[in-house]
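Asks: The structure that follows is given in the form of structure tokens.
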Amino acid sequence: MPLFLLNPVAGRYLSFAEREEIAALKAQGAGVREIARRLGRDPSTISRELRRNAATRGGRLDYRASVAQWKADLLARRPKAAKLVTNDRLREYVQERLSGQVRRFDGTPVAGPVTIPWKGRNKPRRQDRRWATAWSPQQISRRLRLDFPDDESMRISHEAIYQALFIQGRGALRRELVACLRTGRALRVPRARSRQCRDGMVTPEVMISQRPAEACDRAVPGHWEGDLIIGLDRSAIGTLVERTTRFTMLLHLPRMVGFGVEPRVHNGPALAGRGAEAVRDAIAATITTLPDQLRQTLTWDRGKELAQHARLTIDTSVRV
């Protein structure tokens, strides 16, 4: 009795019974979508199964359930050696382009990808990175097909390169090459953290798609846009710009009592004067000086300085 019939298979993978059904329907002339409909699977799953696990004896693709199951079990064996570990030529190719040290046969250096020159406005730490001449994993993966069109062994995905840099068990590449990545990140951001909302997220937010049409085409005055400008030493000033006339009003955000004297308290009041309560009071004091017809809506970004936007709407009757 074949051993693969004894191993339980998770629901996300095709079972031997499903592969027998695929072989029977394929022999009857059913198409990929018809087979997927009968099995309750995605058509791409059936297409990939027929292409990847078909028998190749005789020079043609014949799908048989037993051969397909044997191939699937063979590919599923773990642990599997990384391609960069077993292929020295491919590893040297990837390392040279990640580090930006690529030379031709005559010894002349090959310039890296063309990047935007640094104008002094970006983050200072980017000056120390080598990504101006280094190649990204996506560029390396796609360039391999052009440099080695007939060599199938010189193929690797950008995800495999990232795993070789981030995962310790797959350390085929030098660890210091993470400094050549665009982000300069030495570890991958956890999936749970990437799904979280950023700190400045305001909930429940009112989406900009709900803004009235008259505010979008700038036809009627009374619709404003605001933002917060942060300066040195945690100083700040707010801006209110009317969309139709471009008339601008500035919000004075002075220091609160105790700034620079009292120690900072976690989740305490924002004594720098740009907290949610201070910004709400500054907007209310400024915008209420206008007639009612000139204060219809206010558009703001998702900064946490306007976390009290619901209270602001109640106080001023301005929809945010």
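Residues are named by chain letter and number: chains run A, B, ... in the order of the structure tokens, numbers start at 1 in each chain, and ligands are numbered from 1 in the order shown.
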Write out as number ranges by chain each polymer residue whose atoms come within 6 Å of segment 152-163 of chain A, counting only C-alpha atoms; drop sequence neighbours fewer than 6 positions from it.

Replies: A: 90, 137-138, 141

Asks: Atoms to include: N, CA, C and O atoms. Write the selected residues as a compact mmCIF listing (two decimals), in the first residue's frame.

Replies:
# COMPACT_ATOMS: atom_id res chain seq x y z
N LEU A 90 25.44 31.63 -8.24
CA LEU A 90 24.28 32.50 -8.02
C LEU A 90 24.47 33.35 -6.78
O LEU A 90 24.10 34.54 -6.77
N PRO A 137 16.60 43.57 -4.36
CA PRO A 137 16.32 42.16 -4.70
C PRO A 137 15.42 42.01 -5.91
O PRO A 137 15.58 41.07 -6.69
N GLN A 138 14.46 42.91 -6.10
CA GLN A 138 13.60 42.83 -7.28
C GLN A 138 14.39 43.05 -8.56
O GLN A 138 14.18 42.35 -9.56
N SER A 141 16.54 39.91 -9.25
CA SER A 141 15.75 38.77 -9.72
C SER A 141 15.37 38.92 -11.19
O SER A 141 15.42 37.95 -11.96

Asks: Extract the full set of alpha helix (DSSP H) residues from segment 40-99 of chain A according to DSSP on the backbone, and format it as number ranges by chain.

Replies: A: 43-52, 65-75, 83-86, 88-99

Asks: Residues at most 9 Å from segment 57-73 of chain A, counting only C-alpha atoms, excluding those fewer than 4 positions away in the same chain, as a compact mmCIF listing (two decimals) with N, CA, C and O atoms, in the first residue's frame?

Replies:
# COMPACT_ATOMS: atom_id res chain seq x y z
N PHE A 4 1.80 7.33 0.98
CA PHE A 4 1.18 8.65 0.99
C PHE A 4 -0.31 8.56 1.31
O PHE A 4 -0.94 9.55 1.63
N LEU A 14 -4.17 19.68 -1.98
CA LEU A 14 -4.93 18.67 -2.69
C LEU A 14 -4.65 17.29 -2.11
O LEU A 14 -3.50 16.93 -1.87
N SER A 15 -5.69 16.51 -1.91
CA SER A 15 -5.54 15.15 -1.40
C SER A 15 -5.43 14.17 -2.57
O SER A 15 -5.62 14.53 -3.75
N PHE A 16 -5.11 12.90 -2.24
CA PHE A 16 -4.98 11.90 -3.29
C PHE A 16 -6.33 11.63 -3.96
O PHE A 16 -6.39 11.39 -5.17
N ALA A 17 -7.41 11.69 -3.18
CA ALA A 17 -8.74 11.49 -3.77
C ALA A 17 -9.07 12.61 -4.76
O ALA A 17 -9.66 12.35 -5.83
N GLU A 18 -8.69 13.84 -4.43
CA GLU A 18 -8.94 14.94 -5.35
C GLU A 18 -8.08 14.80 -6.61
O GLU A 18 -8.53 15.13 -7.72
N ARG A 19 -6.86 14.31 -6.46
CA ARG A 19 -6.02 14.11 -7.64
C ARG A 19 -6.57 13.00 -8.53
O ARG A 19 -6.46 13.08 -9.77
N GLU A 20 -7.17 11.97 -7.94
CA GLU A 20 -7.82 10.95 -8.75
C GLU A 20 -9.01 11.53 -9.51
O GLU A 20 -9.24 11.20 -10.68
N GLU A 21 -9.76 12.41 -8.86
CA GLU A 21 -10.88 13.06 -9.53
C GLU A 21 -10.40 13.96 -10.67
O GLU A 21 -11.03 14.02 -11.73
N ILE A 22 -9.29 14.66 -10.45
CA ILE A 22 -8.73 15.50 -11.51
C ILE A 22 -8.31 14.65 -12.70
O ILE A 22 -8.57 15.01 -13.87
N ALA A 23 -7.66 13.51 -12.43
CA ALA A 23 -7.22 12.63 -13.52
C ALA A 23 -8.41 12.09 -14.30
O ALA A 23 -8.38 12.01 -15.54
N ALA A 24 -9.49 11.73 -13.59
CA ALA A 24 -10.67 11.19 -14.27
C ALA A 24 -11.35 12.25 -15.13
O ALA A 24 -11.74 12.00 -16.28
N LYS A 26 -9.96 14.96 -16.31
CA LYS A 26 -9.06 15.34 -17.40
C LYS A 26 -9.16 14.33 -18.55
O LYS A 26 -9.11 14.71 -19.73
N ALA A 27 -9.30 13.04 -18.21
CA ALA A 27 -9.44 12.02 -19.25
C ALA A 27 -10.75 12.16 -20.00
O ALA A 27 -10.85 11.79 -21.17
N GLU A 49 -1.53 22.49 -10.66
CA GLU A 49 -1.38 21.06 -10.40
C GLU A 49 -1.13 20.29 -11.70
O GLU A 49 -0.26 19.42 -11.76
N LEU A 50 -1.86 20.60 -12.76
CA LEU A 50 -1.68 19.91 -14.03
C LEU A 50 -0.33 20.22 -14.67
O LEU A 50 0.22 19.38 -15.39
N ARG A 51 0.19 21.40 -14.41
CA ARG A 51 1.46 21.78 -15.01
C ARG A 51 2.67 21.30 -14.20
O ARG A 51 3.69 20.90 -14.75
N ARG A 52 2.54 21.29 -12.88
CA ARG A 52 3.69 21.02 -12.02
C ARG A 52 3.87 19.53 -11.75
O ARG A 52 5.00 19.04 -11.70
N ASN A 53 2.78 18.82 -11.55
CA ASN A 53 2.89 17.43 -11.08
C ASN A 53 2.50 16.41 -12.14
O ASN A 53 2.21 15.26 -11.81
N ARG A 77 9.01 17.87 1.05
CA ARG A 77 9.96 17.42 2.07
C ARG A 77 10.70 18.61 2.67
O ARG A 77 11.11 19.52 1.98

Asks: Using only C-alpha atoms for the distances, tell me which of A:Val241, A:Leu290, A:Leu250, A:Leu228 is nearest to Arg274 of chain A.

Replies: A:Leu228

Asks: Could you name the residues that touch Asp315 of chain A at 10 Å or less, counting only C-alpha atoms, but leaving out those on the same chain fewer than 4 positions away, as a tab-separated table (two decimals) with N, CA and C atoms, in the first residue's frame?

Replies:
chain	number	residue	atom	x	y	z
A	280	ARG	N	-8.02	71.48	19.23
A	280	ARG	CA	-9.48	71.65	19.13
A	280	ARG	C	-9.91	73.03	19.62
A	281	ASP	N	-9.35	73.48	20.75
A	281	ASP	CA	-9.71	74.80	21.28
A	281	ASP	C	-9.24	75.91	20.34
A	284	ALA	N	-11.59	76.01	17.30
A	284	ALA	CA	-12.90	76.53	17.67
A	284	ALA	C	-12.85	78.04	17.90
A	288	THR	N	-14.89	80.16	14.74
A	288	THR	CA	-16.18	80.70	15.17
A	288	THR	C	-16.27	82.21	14.97
A	309	HIS	N	-12.13	65.30	16.87
A	309	HIS	CA	-12.87	65.94	15.79
A	309	HIS	C	-14.37	65.87	16.01
A	310	ALA	N	-14.84	64.81	16.68
A	310	ALA	CA	-16.28	64.73	16.96
A	310	ALA	C	-16.72	65.83	17.92
A	311	ARG	N	-15.92	66.09	18.94
A	311	ARG	CA	-16.23	67.17	19.88
A	311	ARG	C	-16.15	68.53	19.18

Asks: Among segment 59-280 of chain A, which residues carry a DSSP assignment of strand (DSSP E or B), reported as JSON, numbers by chain?

Replies: {"A": [62, 103, 109, 223, 224, 225, 226, 227, 228, 229, 230, 236, 237, 238, 239, 240, 241, 242, 248, 249, 250, 251]}

Asks: For Ala215 of chain A, which of A:Leu181, A:Pro149, A:Arg319, A:Phe166 is the closest residue, counting only C-alpha atoms?

Replies: A:Arg319

Asks: Determine, counting only C-alpha atoms, which protein, DNA and RNA residues have an atom within 12 Å of an atom of Asp151 of chain A; residues of the same chain fewer than 6 positions away are not included. Present the result as a list of chain:residue names.

Replies: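 Those residues are A:Arg89, A:Leu90, A:Leu144, A:Arg145.
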
Asks: Using C-alpha atoms, can you write the selected residues to a file as a compact mmCIF listing (two decimals), in the first residue's frame?

Replies:
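Printed below is selection.txt as written:
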# COMPACT_ATOMS: atom_id res chain seq x y z
CA ARG A 89 27.75 31.15 -8.74
CA LEU A 90 24.28 32.50 -8.02
CA LEU A 144 19.02 37.28 -14.02
CA ARG A 145 16.64 36.46 -16.86

Asks: Which neighbours of Gly222 of chain A fall inside 8 Å, counting only C-alpha atoms, when residues of the same chain fewer than 3 positions from it are skipped, and could you give them as a PyMOL selection string?

Replies: chain A and resi 242-244+293-297

Asks: When distances are computed from only C-alpha atoms, which of A:Ala54, A:Ala278, A:Val189, A:Ala30 shows the smallest separation from Met256 of chain A?

Replies: A:Ala278

Asks: Using atom CA of Val102 of chain A and atom CA of Ala81 of chain A as the two end points, give the distance in Å to one decimal.

Replies: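 Atom CA of Ala81 of chain A lies at a distance of 26.8 Å from atom CA of Val102 of chain A.
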
Asks: With only C-alpha atoms as the basis for distance, which of A:Leu187, A:Ile230, A:Leu25, A:Ala36 is at the shortest distance from Ile167 of chain A?

Replies: A:Leu187

Asks: Using only C-alpha atoms, pick whichever of A:Gln28, A:Ser209, A:Ser235, A:Thr45 has the shortest atom-to-atom distance to Gly275 of chain A.

Replies: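 The closest residue to Gly275 of chain A is A:Ser235.
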